[in-house]
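> My structure is in start10.tsv, and what it holds is TSV, C-alpha atoms:
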chain	number	residue	atom	x	y	z
L	560	MET	CA	-50.53	-32.79	-83.67
L	561	THR	CA	-50.15	-29.03	-83.45
L	562	VAL	CA	-52.84	-27.12	-81.62
L	563	ARG	CA	-53.47	-23.73	-83.18
L	564	ALA	CA	-54.07	-20.90	-80.73
L	565	ALA	CA	-57.45	-19.23	-81.00
L	566	PRO	CA	-57.24	-15.88	-82.79
L	567	ILE	CA	-56.96	-12.90	-80.50
L	568	SER	CA	-60.24	-10.99	-80.52
L	569	ALA	CA	-60.70	-7.26	-80.23
L	570	ASP	CA	-62.96	-7.93	-77.22
L	571	LEU	CA	-60.11	-9.59	-75.32
L	572	ILE	CA	-57.93	-6.53	-75.89
L	573	LEU	CA	-60.74	-4.14	-74.93
L	574	ASP	CA	-61.36	-6.16	-71.77
L	575	ALA	CA	-57.68	-5.74	-70.91
L	576	ALA	CA	-57.81	-2.03	-71.71
L	577	GLU	CA	-60.87	-1.53	-69.53
L	578	ASP	CA	-59.08	-3.26	-66.64
L	579	CYS	CA	-56.01	-1.07	-67.14
L	580	PHE	CA	-58.10	2.11	-67.24
L	581	ALA	CA	-59.82	1.10	-64.00
L	582	LEU	CA	-56.51	0.38	-62.26
L	583	ALA	CA	-54.23	3.15	-63.54
L	584	GLY	CA	-56.51	5.69	-65.18
L	585	VAL	CA	-56.84	6.47	-68.85
L	586	ARG	CA	-53.97	8.95	-69.05
L	587	ARG	CA	-51.40	6.64	-67.45
L	588	THR	CA	-52.33	3.56	-69.48
L	589	THR	CA	-50.10	2.87	-72.47
L	590	ILE	CA	-50.43	0.50	-75.42
L	591	ASP	CA	-47.67	-1.56	-73.80
L	592	ASP	CA	-49.77	-1.86	-70.62
L	593	ILE	CA	-52.78	-3.00	-72.62
L	594	ALA	CA	-50.71	-5.48	-74.64
L	595	ALA	CA	-49.18	-6.95	-71.47
L	596	ALA	CA	-52.57	-7.26	-69.77
L	597	ALA	CA	-53.99	-9.00	-72.85
L	598	GLY	CA	-50.92	-11.23	-73.24
L	599	VAL	CA	-50.28	-10.07	-76.80
L	600	SER	CA	-47.77	-7.92	-78.65
L	601	ARG	CA	-48.12	-4.20	-79.35
L	602	ILE	CA	-48.54	-4.91	-83.05
L	603	THR	CA	-51.46	-7.25	-82.30
L	604	VAL	CA	-53.14	-4.50	-80.30
L	605	TYR	CA	-52.77	-2.07	-83.21
L	606	ARG	CA	-53.97	-4.62	-85.75
L	607	ARG	CA	-57.04	-5.70	-83.77
L	608	THR	CA	-58.16	-2.43	-82.18
L	609	GLY	CA	-56.27	0.48	-83.75
L	610	SER	CA	-54.57	3.33	-81.95
L	611	ARG	CA	-54.77	4.16	-78.27
L	612	ASP	CA	-57.43	6.80	-79.02
L	613	ASP	CA	-59.44	4.16	-80.90
L	614	ILE	CA	-59.22	1.89	-77.85
L	615	VAL	CA	-60.35	4.62	-75.44
L	616	LEU	CA	-63.33	5.38	-77.67
L	617	ALA	CA	-64.23	1.69	-78.11
L	618	VAL	CA	-64.11	1.13	-74.35
L	619	LEU	CA	-66.22	4.25	-73.77
L	620	VAL	CA	-68.88	3.04	-76.19
L	621	ARG	CA	-69.05	-0.46	-74.73
L	622	ILE	CA	-69.24	0.92	-71.14
L	623	THR	CA	-72.01	3.31	-72.20
L	624	ARG	CA	-73.99	0.56	-73.92
L	625	ARG	CA	-73.59	-1.70	-70.88
L	626	TYR	CA	-74.76	1.10	-68.59
L	627	LEU	CA	-77.82	1.82	-70.75
L	628	ARG	CA	-78.74	-1.89	-70.77
L	629	SER	CA	-78.56	-1.97	-66.97
L	630	LEU	CA	-80.76	1.13	-66.73
L	631	ARG	CA	-83.42	-0.21	-69.14
L	632	PRO	CA	-85.64	-2.01	-66.55
L	633	ARG	CA	-85.90	1.15	-64.45
L	634	LEU	CA	-86.72	3.23	-67.52
L	635	LEU	CA	-89.45	0.85	-68.66
L	636	ALA	CA	-90.96	0.84	-65.16
L	637	GLN	CA	-91.68	4.59	-65.32
L	638	PRO	CA	-95.29	5.78	-65.73
L	639	SER	CA	-94.69	7.88	-68.86
L	640	LEU	CA	-92.20	8.66	-71.62
L	641	ALA	CA	-91.36	12.02	-70.01
L	642	ASP	CA	-90.62	10.29	-66.69
L	643	ALA	CA	-88.44	7.69	-68.43
L	644	LEU	CA	-86.49	10.35	-70.35
L	645	ALA	CA	-86.00	12.47	-67.21
L	646	LEU	CA	-84.63	9.40	-65.42
L	647	LEU	CA	-82.37	8.58	-68.39
L	648	ILE	CA	-80.92	12.08	-68.44
L	649	ARG	CA	-80.52	12.55	-64.68
L	650	SER	CA	-79.12	9.07	-63.98
L	651	THR	CA	-76.69	9.13	-66.89
L	652	ALA	CA	-75.43	12.61	-65.97
L	653	ARG	CA	-74.83	11.35	-62.43
L	654	ALA	CA	-73.07	8.24	-63.73
L	655	ALA	CA	-70.84	10.43	-65.91
L	656	ARG	CA	-69.68	12.30	-62.81
L	657	ARG	CA	-68.91	9.01	-61.05
L	658	ASP	CA	-66.78	6.10	-62.19
L	659	ASP	CA	-69.63	4.38	-64.07
L	660	LEU	CA	-69.24	6.55	-67.17
L	661	SER	CA	-66.22	8.67	-66.28
L	662	LEU	CA	-64.77	7.98	-69.72
L	663	LEU	CA	-67.59	10.06	-71.19
L	664	PHE	CA	-65.27	13.01	-70.69
L	665	ALA	CA	-61.64	13.07	-71.65
L	666	SER	CA	-60.73	15.43	-68.82
L	667	GLU	CA	-57.75	13.24	-67.96
L	668	GLU	CA	-56.69	13.25	-71.58
L	669	ARG	CA	-57.25	16.88	-72.49
L	670	GLY	CA	-56.76	18.58	-69.15
L	671	THR	CA	-60.19	20.21	-68.96
L	672	THR	CA	-63.47	19.01	-67.57
L	673	GLY	CA	-66.13	18.28	-70.11
L	674	ALA	CA	-64.01	17.92	-73.23
L	675	PRO	CA	-65.61	14.93	-74.96
L	676	ILE	CA	-63.37	12.33	-76.54
L	677	PRO	CA	-62.91	13.24	-80.22
L	678	GLY	CA	-65.15	11.15	-82.44
L	679	SER	CA	-67.38	10.08	-79.56
L	680	MET	CA	-70.60	11.86	-80.55
L	681	PRO	CA	-71.72	9.60	-83.45
L	682	PRO	CA	-71.45	6.23	-81.65
L	683	LEU	CA	-72.70	7.58	-78.32
L	684	ALA	CA	-75.64	9.40	-79.93
L	685	ASP	CA	-76.44	6.13	-81.69
L	686	ALA	CA	-76.39	4.19	-78.39
L	687	VAL	CA	-78.55	6.75	-76.58
L	688	GLY	CA	-80.82	7.02	-79.62
L	689	GLU	CA	-81.43	3.26	-79.58
L	690	CYS	CA	-82.47	3.55	-75.94
L	691	ILE	CA	-84.82	6.45	-76.73
L	692	GLU	CA	-86.29	4.52	-79.67
L	693	LEU	CA	-87.16	1.65	-77.31
L	694	LEU	CA	-88.88	4.13	-74.98
L	695	THR	CA	-90.88	5.74	-77.79
L	696	GLN	CA	-92.00	2.28	-78.90
L	697	THR	CA	-93.17	1.63	-75.33
L	698	TRP	CA	-95.14	4.92	-75.28
L	699	PRO	CA	-95.90	5.49	-78.99
L	700	ASP	CA	-98.68	8.00	-78.32
L	701	GLN	CA	-96.37	10.27	-76.28
L	702	ALA	CA	-93.68	11.05	-78.88
L	703	PRO	CA	-93.78	12.89	-82.20
L	704	ALA	CA	-94.04	10.43	-85.09
L	705	GLU	CA	-91.13	12.13	-86.86
L	706	LEU	CA	-88.70	11.82	-83.92
L	707	ASP	CA	-85.36	10.68	-85.33
L	708	PRO	CA	-83.48	8.37	-82.90
L	709	LEU	CA	-80.01	9.68	-83.82
L	710	ASP	CA	-81.07	13.33	-83.46
L	711	ALA	CA	-82.83	12.49	-80.20
L	712	GLY	CA	-79.73	10.67	-78.96
L	713	GLU	CA	-77.53	13.65	-79.78
L	714	TRP	CA	-79.89	16.10	-78.06
L	715	VAL	CA	-80.12	13.98	-74.90
L	716	LEU	CA	-76.36	13.38	-74.88
L	717	ARG	CA	-75.69	17.13	-75.11
L	718	ILE	CA	-78.02	17.71	-72.14
L	719	ILE	CA	-76.26	14.95	-70.19
L	720	VAL	CA	-72.83	16.47	-70.91
L	721	SER	CA	-74.07	19.88	-69.78
L	722	LEU	CA	-75.59	18.55	-66.55
L	723	ALA	CA	-72.52	16.47	-65.78
L	724	THR	CA	-69.97	19.23	-66.34
L	725	THR	CA	-71.56	22.51	-65.25
L	726	GLU	CA	-72.99	23.78	-61.99
L	727	PRO	CA	-76.72	24.61	-61.99
L	728	ALA	CA	-77.80	28.23	-61.64
L	729	ARG	CA	-79.50	27.24	-58.39
L	730	PRO	CA	-79.13	24.10	-56.25
L	731	ARG	CA	-81.64	21.40	-57.17
L	732	ARG	CA	-82.66	18.18	-55.49
L	733	GLU	CA	-83.39	15.09	-57.58
L	734	ARG	CA	-87.07	15.89	-58.04
L	735	GLU	CA	-86.29	19.51	-58.90
L	736	THR	CA	-83.74	18.34	-61.46
L	737	ASP	CA	-86.38	16.10	-63.04
L	738	ASP	CA	-88.81	19.06	-63.15
L	739	TRP	CA	-86.12	21.20	-64.80
L	740	ILE	CA	-85.45	18.48	-67.38
L	741	ARG	CA	-89.19	18.24	-68.17
L	742	ARG	CA	-89.59	22.02	-68.50
L	743	VAL	CA	-86.36	22.91	-70.32
L	744	ALA	CA	-84.90	19.86	-72.04
L	745	LEU	CA	-87.81	17.63	-73.06
L	746	PRO	CA	-89.83	20.16	-75.10
L	747	GLY	CA	-86.98	20.24	-77.63
L	748	LEU	CA	-87.33	16.48	-77.94
L	749	LEU	CA	-91.05	15.80	-77.60
L	750	ALA	CA	-92.68	18.90	-79.09
L	751	ALA	CA	-94.11	18.46	-82.55
L	752	PRO	CA	-92.04	20.37	-85.12
L	753	ALA	CA	-93.37	23.74	-86.18
L	754	PRO	CA	-94.62	23.89	-89.77
L	755	ALA	CA	-92.00	25.09	-92.23
L	756	THR	CA	-92.32	28.69	-93.36
L	757	THR	CA	-91.22	30.03	-96.69
L	758	ALA	CA	-88.95	33.04	-96.79
L	759	VAL	CA	-90.40	36.09	-98.48
With the file now loaded, output its structure as structure tokens.


Amino acid sequence: MTVRAAPISADLILDAAEDCFALAGVRRTTIDDIAAAAGVSRITVYRRTGSRDDIVLAVLVRITRRYLRSLRPRLLAQPSLADALALLIRSTARAARRDDLSLLFASEERGTTGAPIPGSMPPLADAVGECIELLTQTWPDQAPAELDPLDAGEWVLRIIVSLATTEPARPRRERETDDWIRRVALPGLLAAPAPATTAV
């Protein structure tokens, strides 16, 4: 009786890619490296996961989603929506500067700090937006009713990218960073929209 091998899943290849990125860095990892680590051929890698850029993006999204899941209990333990959002922004910006979410920026790939991976905004904004939607459901009276999760995710992600890649105008401790986020970043997210005006 012939035993058929289980089909190779995209997750197995992405697991291998994530291991390769951790060991050798994104720039030095090739499709051949990923194929060898997964125990499959190059063509199987392309068929299951697409190009190398597709793999980098897929790994980035799964790492980001995993990070946000791990952060969720701390977010939900905060006393208010503003506190939870400040923690989300500050902690994720810090993680992006460390190894936790270092793939958020393609600095190794593009040679400059803070150049996001092409195509990363839609899936990352979606992931962050889902997290924000959970928070607004936890504190429904503290968020505008018309807050769109994808728009909110994009806004928060842009703030995170800025905090992770640029120096502040003045040094700030953790609490001061949270105060800055509440004063500068959160009004764009939590303020009720102004009524539309008609042009004359």

> Near L:Ala723, within 8 Å and counting only C-alpha atoms, which residues show up once chain neighbours fewer than 6 positions away are dropped, as a ChimeraX atom specification?

/L:652-653,655-656,673

> Can you write out as a tab-separated table which residues of stretch 591-689 of chain L fall within 6 Å of stretch 705-718 of chain L, alongside each residue's closest atom pair and its distance in Å to one decimal, counting all atoms listed in the file and ordering rows by chain and ascending residue number?


residue	atom	partner	partner_atom	distance
L:Ala684	CA	L:Gly712	CA	4.4
L:Asp685	CA	L:Leu709	CA	5.5
L:Val687	CA	L:Gly712	CA	4.7
L:Gly688	CA	L:Gly712	CA	3.9

> Could those selected residues go to a file with C-alpha atoms, as a compact mmCIF listing (two decimals), in the coordinates of the input?


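part.txt was written with the following content:
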# COMPACT_ATOMS: atom_id res chain seq x y z
CA ALA L 684 -75.64 9.40 -79.93
CA ASP L 685 -76.44 6.13 -81.69
CA VAL L 687 -78.55 6.75 -76.58
CA GLY L 688 -80.82 7.02 -79.62

> My list of candidates is L:Pro677, L:Gly584, L:Pro682, L:Gly747. Which is closest to L:Val620 when distances are computed with only C-alpha atoms?

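Of L:Pro677, L:Gly584, L:Pro682, L:Gly747, the one nearest L:Val620, counting only C-alpha atoms, is L:Pro682.
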
> Find the residues near stretch 623-639 of chain L: any atom within 12 Å, counting all atoms listed in the file, skip ones fewer than 2 places away on the same chain, and give them as a PDB file with C-alpha atoms, in the coordinates of the input.


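Result file is selection_5.pdb:
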ATOM      1  CA  LEU L 616     -63.330   5.380 -77.670  1.00  0.00           C
ATOM      2  CA  ALA L 617     -64.230   1.690 -78.110  1.00  0.00           C
ATOM      3  CA  VAL L 618     -64.110   1.130 -74.350  1.00  0.00           C
ATOM      4  CA  LEU L 619     -66.220   4.250 -73.770  1.00  0.00           C
ATOM      5  CA  VAL L 620     -68.880   3.040 -76.190  1.00  0.00           C
ATOM      6  CA  ARG L 621     -69.050  -0.460 -74.730  1.00  0.00           C
ATOM      7  CA  ALA L 641     -91.360  12.020 -70.010  1.00  0.00           C
ATOM      8  CA  ASP L 642     -90.620  10.290 -66.690  1.00  0.00           C
ATOM      9  CA  ALA L 643     -88.440   7.690 -68.430  1.00  0.00           C
ATOM     10  CA  LEU L 644     -86.490  10.350 -70.350  1.00  0.00           C
ATOM     11  CA  ALA L 645     -86.000  12.470 -67.210  1.00  0.00           C
ATOM     12  CA  LEU L 646     -84.630   9.400 -65.420  1.00  0.00           C
ATOM     13  CA  LEU L 647     -82.370   8.580 -68.390  1.00  0.00           C
ATOM     14  CA  ILE L 648     -80.920  12.080 -68.440  1.00  0.00           C
ATOM     15  CA  ARG L 649     -80.520  12.550 -64.680  1.00  0.00           C
ATOM     16  CA  SER L 650     -79.120   9.070 -63.980  1.00  0.00           C
ATOM     17  CA  THR L 651     -76.690   9.130 -66.890  1.00  0.00           C
ATOM     18  CA  ALA L 652     -75.430  12.610 -65.970  1.00  0.00           C
ATOM     19  CA  ARG L 653     -74.830  11.350 -62.430  1.00  0.00           C
ATOM     20  CA  ALA L 654     -73.070   8.240 -63.730  1.00  0.00           C
ATOM     21  CA  ALA L 655     -70.840  10.430 -65.910  1.00  0.00           C
ATOM     22  CA  ASP L 658     -66.780   6.100 -62.190  1.00  0.00           C
ATOM     23  CA  ASP L 659     -69.630   4.380 -64.070  1.00  0.00           C
ATOM     24  CA  LEU L 660     -69.240   6.550 -67.170  1.00  0.00           C
ATOM     25  CA  SER L 661     -66.220   8.670 -66.280  1.00  0.00           C
ATOM     26  CA  LEU L 662     -64.770   7.980 -69.720  1.00  0.00           C
ATOM     27  CA  LEU L 663     -67.590  10.060 -71.190  1.00  0.00           C
ATOM     28  CA  PHE L 664     -65.270  13.010 -70.690  1.00  0.00           C
ATOM     29  CA  SER L 679     -67.380  10.080 -79.560  1.00  0.00           C
ATOM     30  CA  PRO L 682     -71.450   6.230 -81.650  1.00  0.00           C
ATOM     31  CA  LEU L 683     -72.700   7.580 -78.320  1.00  0.00           C
ATOM     32  CA  ALA L 684     -75.640   9.400 -79.930  1.00  0.00           C
ATOM     33  CA  ASP L 685     -76.440   6.130 -81.690  1.00  0.00           C
ATOM     34  CA  ALA L 686     -76.390   4.190 -78.390  1.00  0.00           C
ATOM     35  CA  VAL L 687     -78.550   6.750 -76.580  1.00  0.00           C
ATOM     36  CA  GLY L 688     -80.820   7.020 -79.620  1.00  0.00           C
ATOM     37  CA  GLU L 689     -81.430   3.260 -79.580  1.00  0.00           C
ATOM     38  CA  CYS L 690     -82.470   3.550 -75.940  1.00  0.00           C
ATOM     39  CA  ILE L 691     -84.820   6.450 -76.730  1.00  0.00           C
ATOM     40  CA  GLU L 692     -86.290   4.520 -79.670  1.00  0.00           C
ATOM     41  CA  LEU L 693     -87.160   1.650 -77.310  1.00  0.00           C
ATOM     42  CA  LEU L 694     -88.880   4.130 -74.980  1.00  0.00           C
ATOM     43  CA  THR L 695     -90.880   5.740 -77.790  1.00  0.00           C
ATOM     44  CA  GLN L 696     -92.000   2.280 -78.900  1.00  0.00           C
ATOM     45  CA  THR L 697     -93.170   1.630 -75.330  1.00  0.00           C
ATOM     46  CA  TRP L 698     -95.140   4.920 -75.280  1.00  0.00           C
ATOM     47  CA  PRO L 699     -95.900   5.490 -78.990  1.00  0.00           C
ATOM     48  CA  ASP L 700     -98.680   8.000 -78.320  1.00  0.00           C
ATOM     49  CA  GLN L 701     -96.370  10.270 -76.280  1.00  0.00           C
ATOM     50  CA  ALA L 702     -93.680  11.050 -78.880  1.00  0.00           C
ATOM     51  CA  LEU L 716     -76.360  13.380 -74.880  1.00  0.00           C
ATOM     52  CA  ARG L 741     -89.190  18.240 -68.170  1.00  0.00           C
TER      53      ARG L 741
END

> I'd like the neighbourhood of L:Arg611 as a ChimeraX atom specification, where a residue qualifies if any of its atoms comes within 10 Å (using all atoms listed in the file), though same-chain residues fewer than 6 positions away should be ignored.

/L:576,585,588-590,593,604-605,617

> If I take atom CA of L:Ala596 and atom CA of L:Leu573, how far is one from the other in Å, to one decimal?

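Separation of atom CA of L:Ala596 and atom CA of L:Leu573: 10.2 Å.
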
> Rounded to one decimal in Å, what is the spacing between atom CA of L:Pro746 and atom CA of L:Ile622?

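Distance between the two atoms: 28.5 Å.
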
> In Å, how far is it from atom CA of L:Arg657 to atom CA of L:Ala583?

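Computing it gives 16.0 Å between the two atoms.
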
> Which one of L:Leu749, L:Leu722, L:Ile740, L:Ala581 sits closest to L:Ala704 if you count only C-alpha atoms?

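That would be L:Leu749, the residue with the smallest distance to L:Ala704.
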